[in-house]
Amino acid sequence: MPLLLFFLITSFLFFRYFQMDIWLKKLKTRWHSLFVPYLIWNCIGAFSWWIIIQQFGRDEFVKKYQNRHFCVMKK
């Protein structure tokens with residue numbers, strides 16, 4: 001629900017004063033301000049995961065952390 005609300009609010013603010021000539025400029029600035037950092041952080045995360053797997057080995061890492069649940073709902 002919070003993610004849905006976030007997307008609704010951001011899309012409302014993005015299209016609040018819609019004009020086609022401004023829309024392309026806004027889209028370009030959003031691309032640089034949102035996608036590029038997203039791509040960089042994902043590359044850092046993937047590289048960090050690769051380093052951890054190379055250092056400890058996949059099997060040891062999975063055995064150590066497989067029983068840790070951060071968000072467990074018990075009935």
# chains A, B, ... in the order shown; residues from 1 in each chain; ligands from 1
$ residues_around --residues "Phe14 (chain A)" --least-positions-apart "3" --cutoff "10 Å" --atoms "only C-alpha atoms" --output "short mmCIF file (atom, residue, chain, number, x, y, z; two decimals) with C-alpha atoms, in the first residue's frame"
data_model
loop_
_atom_site.label_atom_id
_atom_site.label_comp_id
_atom_site.auth_asym_id
_atom_site.auth_seq_id
_atom_site.Cartn_x
_atom_site.Cartn_y
_atom_site.Cartn_z
CA LEU A 8 0.22 7.77 -7.19
CA ILE A 9 1.61 10.90 -5.56
CA THR A 10 4.73 11.05 -7.73
CA SER A 11 2.77 10.53 -10.94
CA TYR A 17 1.10 20.95 -15.08
CA PHE A 18 1.28 18.87 -18.24
CA TRP A 23 7.20 16.86 -20.57
CA LYS A 26 11.11 16.70 -17.33
CA LEU A 27 11.44 13.11 -18.50
CA ARG A 30 14.05 12.42 -14.18
#
$ atom_distance --atom1 "CA of Ile44 (chain A)" --atom2 "CA of Leu4 (chain A)"
26.6 Å
